[in-house]
Amino acid sequence: MKDGIAVNNENDRNSQRTSNLYPEEIIMRNIIISLAALFAILLTLGCSSFSVGPAQTVGKKPELPSVASMEIPPLGESDALAKAAAAKTNIAYLTATTAVSYWTLTIELALLEPVALFALAHTVDPEPLPDNSGSVWTIGDNGFQAQLTGKVAADSVRWSMSVTGGDLVNFVWFEGTSTITGNAGYWVFHDTTLASGIYPELIKFTYETSDAREEVKVEVVKQNDIEYGSYLQWTALGAEMFFESFDATQPETVLISWNEAVESGYIENVTSGEKYCWDTKSNGHKDIPCAL
């Protein structure tokens, strides 16, 4: 009976703590919990063939896509969390900033080594392939040696990075295609754990960068994984920025909208209809009623 009383008392204390939360804090907690479940799969990437069209075009040099094609950008200033946490009137802004910071950091840590190798490729000069169908970048970092190959096919480039280091030998860490200018395309990252004799496709990045639109979408593509179909999508249309998260296990969609110029915005659980808004930076990012 003593153990039962202790459990009941603990439940009472937990209920009391929950009842003391503001409604906005409750939705913030629920959203962050769902985000944590959604991105657990990304951590499995850690350090441990695509058709691109007509026959190869001889003589063209592929343009490396930006490292931003493998990243989700942050929302707001780096000290935004500390500022928002200082006041109970900044719950919506704190929730949104926490969510996007979590997305950004989780993806960065999950893809740390392959993205570092890809970034390093931007600092070295490539060599032409023997058949002059493209280029190869040879790089090394943190015990990994890699070759990034770009083969030109008409107005597209087929990419592949082969890595040796640690427990990996000639492991194709990612593949993809892009336009010849590198401003649009996709990457597919492979799981570093063998399954049925292969390294399955795990995460896919789709990206587009232009004067009118910037977009990066990250989705789980490993079909037998519980998170299959879950995704993050960042879109910038001028000053308007959107962060969308879909959790396939719920299913549940969270949308964050943010104006980069004035820094006002909102966070919405699209599935449940709950929505919270905050004011401009000049007004302290304070919680405000959402417009009807």
# chains A, B, ... in the order shown; residues from 1 in each chain; ligands from 1
$ select_by_dssp --residues "region 70-275 of chain A" --states "helix (DSSP H, G or I)" --output "PyMOL selection string"
chain A and resi 70+80-85+88-110+112-121
$ select_by_dssp --residues "region 164-216 of chain A" --states "strand (DSSP E or B)" --output "MDAnalysis selection string"
chainID A and resid 164:165 168:179 184:190 195 198 201:209 214:216
$ closest_residue --among "A:Leu129, A:Leu202, A:Val124, A:Val163" --to "Asn142 (chain A)" --atoms "only C-alpha atoms"
A:Val163
$ atom_distance --atom1 "CA of Ala184 (chain A)" --atom2 "CA of Tyr207 (chain A)"
5.5 Å
$ atom_distance --atom1 "CA of Ala195 (chain A)" --atom2 "CA of Asn224 (chain A)"
10.8 Å
$ residues_around --residues "Gln145 (chain A)" --least-positions-apart "4" --cutoff "7 Å" --atoms "only C-alpha atoms" --output "mmCIF file with all heavy atoms, in the first residue's frame"
data_model
loop_
_atom_site.group_PDB
_atom_site.id
_atom_site.type_symbol
_atom_site.label_atom_id
_atom_site.label_comp_id
_atom_site.auth_asym_id
_atom_site.auth_seq_id
_atom_site.Cartn_x
_atom_site.Cartn_y
_atom_site.Cartn_z
ATOM 1 N N ILE A 139 38.121 14.392 -51.340
ATOM 2 C CA ILE A 139 38.245 15.109 -50.075
ATOM 3 C C ILE A 139 38.452 14.128 -48.925
ATOM 4 O O ILE A 139 38.194 12.938 -49.038
ATOM 5 C CB ILE A 139 37.001 16.005 -49.780
ATOM 6 C CG1 ILE A 139 35.725 15.229 -49.726
ATOM 7 C CG2 ILE A 139 36.953 17.204 -50.655
ATOM 8 C CD1 ILE A 139 34.883 15.177 -50.976
ATOM 9 N N GLY A 140 38.915 14.652 -47.802
ATOM 10 C CA GLY A 140 39.083 13.859 -46.593
ATOM 11 C C GLY A 140 38.797 14.712 -45.371
ATOM 12 O O GLY A 140 39.100 15.909 -45.349
ATOM 13 N N ASP A 141 38.189 14.090 -44.344
ATOM 14 C CA ASP A 141 37.847 14.832 -43.131
ATOM 15 C C ASP A 141 37.579 13.856 -41.996
ATOM 16 O O ASP A 141 36.828 12.883 -42.163
ATOM 17 C CB ASP A 141 36.604 15.702 -43.376
ATOM 18 C CG ASP A 141 36.188 16.480 -42.138
ATOM 19 O OD1 ASP A 141 36.981 17.308 -41.671
ATOM 20 O OD2 ASP A 141 35.061 16.260 -41.646
ATOM 21 N N VAL A 163 32.365 6.817 -49.704
ATOM 22 C CA VAL A 163 33.152 7.134 -48.510
ATOM 23 C C VAL A 163 33.796 5.875 -47.940
ATOM 24 O O VAL A 163 33.176 4.807 -47.887
ATOM 25 C CB VAL A 163 32.253 7.786 -47.436
ATOM 26 C CG1 VAL A 163 33.064 8.088 -46.181
ATOM 27 C CG2 VAL A 163 31.595 9.046 -47.965
ATOM 28 N N THR A 164 35.042 6.015 -47.487
ATOM 29 C CA THR A 164 35.731 4.963 -46.741
ATOM 30 C C THR A 164 36.255 5.567 -45.445
ATOM 31 O O THR A 164 36.892 6.618 -45.448
ATOM 32 C CB THR A 164 36.900 4.369 -47.548
ATOM 33 O OG1 THR A 164 36.381 3.727 -48.716
ATOM 34 C CG2 THR A 164 37.661 3.353 -46.723
ATOM 35 N N GLY A 165 35.980 4.886 -44.330
ATOM 36 C CA GLY A 165 36.421 5.368 -43.021
ATOM 37 C C GLY A 165 35.586 4.739 -41.938
ATOM 38 O O GLY A 165 34.400 4.433 -42.149
#
$ atom_distance --atom1 "CA of Pro130 (chain A)" --atom2 "CA of Gln147 (chain A)"
14.5 Å
$ closest_residue --among "A:Asp287, A:Pro65, A:Val254, A:Lys88" --to "Ile180 (chain A)" --atoms "only C-alpha atoms"
A:Pro65
$ residues_around --residues "region 236-250 of chain A" --least-positions-apart "2" --cutoff "8 Å" --atoms "only C-alpha atoms" --output "ChimeraX atom specification"
/A:34-35,38,100,212-215,226-234,252-261
$ residues_around --residues "Ser264 (chain A)" --least-positions-apart "6" --cutoff "12 Å" --atoms "only C-alpha atoms" --output "list in words"
Leu75, Gly76, Asn90, Ala92, Tyr93, Ala96, Thr97, Ala239, Glu240, Met241, Ile256, Ser257, Trp258, Tyr276, Cys277, Trp278, Asp279, Thr280, Lys281, Ser282, Asn283, Gly284, His285, Lys286, Asp287, Ile288 and Cys290 of chain A
$ write_last_selection --atoms "N, CA and C atoms" --output "compact mmCIF listing (two decimals), in the first residue's frame"
# COMPACT_ATOMS: atom_id res chain seq x y z
N LEU A 75 15.32 29.91 -37.33
CA LEU A 75 14.31 30.96 -37.29
C LEU A 75 14.74 32.01 -36.28
N GLY A 76 15.01 33.23 -36.74
CA GLY A 76 15.32 34.32 -35.83
C GLY A 76 16.74 34.32 -35.34
N ASN A 90 5.62 35.62 -24.11
CA ASN A 90 6.26 35.24 -25.36
C ASN A 90 6.14 33.74 -25.64
N ALA A 92 4.10 31.86 -27.57
CA ALA A 92 3.97 31.43 -28.96
C ALA A 92 5.30 31.52 -29.69
N TYR A 93 6.01 32.63 -29.50
CA TYR A 93 7.31 32.82 -30.13
C TYR A 93 8.32 31.80 -29.62
N ALA A 96 7.58 28.35 -31.21
CA ALA A 96 8.01 28.28 -32.60
C ALA A 96 9.53 28.21 -32.71
N THR A 97 10.22 29.05 -31.96
CA THR A 97 11.67 29.09 -32.01
C THR A 97 12.28 27.80 -31.49
N ALA A 239 9.77 37.71 -48.00
CA ALA A 239 9.98 37.83 -46.56
C ALA A 239 9.18 36.81 -45.77
N GLU A 240 8.24 36.11 -46.41
CA GLU A 240 7.39 35.15 -45.71
C GLU A 240 8.07 33.79 -45.67
N MET A 241 8.23 33.25 -44.45
CA MET A 241 8.87 31.95 -44.26
C MET A 241 7.88 31.00 -43.61
N ILE A 256 4.40 26.59 -38.96
CA ILE A 256 4.90 27.84 -38.39
C ILE A 256 5.08 28.83 -39.53
N SER A 257 4.52 30.02 -39.37
CA SER A 257 4.66 31.08 -40.36
C SER A 257 5.38 32.25 -39.71
N TRP A 258 6.28 32.90 -40.46
CA TRP A 258 7.18 33.89 -39.88
C TRP A 258 7.53 34.93 -40.93
N TYR A 276 -1.57 29.80 -32.27
CA TYR A 276 -1.08 30.85 -31.39
C TYR A 276 -0.22 31.81 -32.19
N CYS A 277 -0.38 33.12 -31.92
CA CYS A 277 0.28 34.15 -32.72
C CYS A 277 1.14 35.05 -31.85
N TRP A 278 2.17 35.67 -32.47
CA TRP A 278 3.00 36.62 -31.75
C TRP A 278 3.20 37.88 -32.59
N ASP A 279 3.56 38.96 -31.91
CA ASP A 279 3.68 40.28 -32.54
C ASP A 279 5.08 40.48 -33.12
N THR A 280 5.31 41.66 -33.66
CA THR A 280 6.57 42.00 -34.31
C THR A 280 7.71 42.11 -33.31
N LYS A 281 8.93 42.14 -33.83
CA LYS A 281 10.11 42.31 -32.99
C LYS A 281 10.05 43.64 -32.25
N SER A 282 9.59 44.70 -32.92
CA SER A 282 9.52 46.02 -32.29
C SER A 282 8.55 46.05 -31.13
N ASN A 283 7.59 45.12 -31.12
CA ASN A 283 6.65 45.01 -30.01
C ASN A 283 6.98 43.84 -29.08
N GLY A 284 8.21 43.37 -29.16
CA GLY A 284 8.71 42.38 -28.19
C GLY A 284 8.27 40.96 -28.42
N HIS A 285 7.79 40.63 -29.63
CA HIS A 285 7.34 39.27 -29.93
C HIS A 285 6.26 38.79 -28.93
N LYS A 286 5.45 39.68 -28.45
CA LYS A 286 4.45 39.32 -27.44
C LYS A 286 3.31 38.52 -28.04
N ASP A 287 2.73 37.64 -27.21
CA ASP A 287 1.55 36.88 -27.63
C ASP A 287 0.43 37.84 -27.98
N ILE A 288 -0.27 37.58 -29.07
CA ILE A 288 -1.40 38.41 -29.50
C ILE A 288 -2.51 37.49 -29.99
N CYS A 290 -4.95 35.80 -32.58
CA CYS A 290 -4.80 35.54 -34.00
C CYS A 290 -5.98 36.14 -34.77
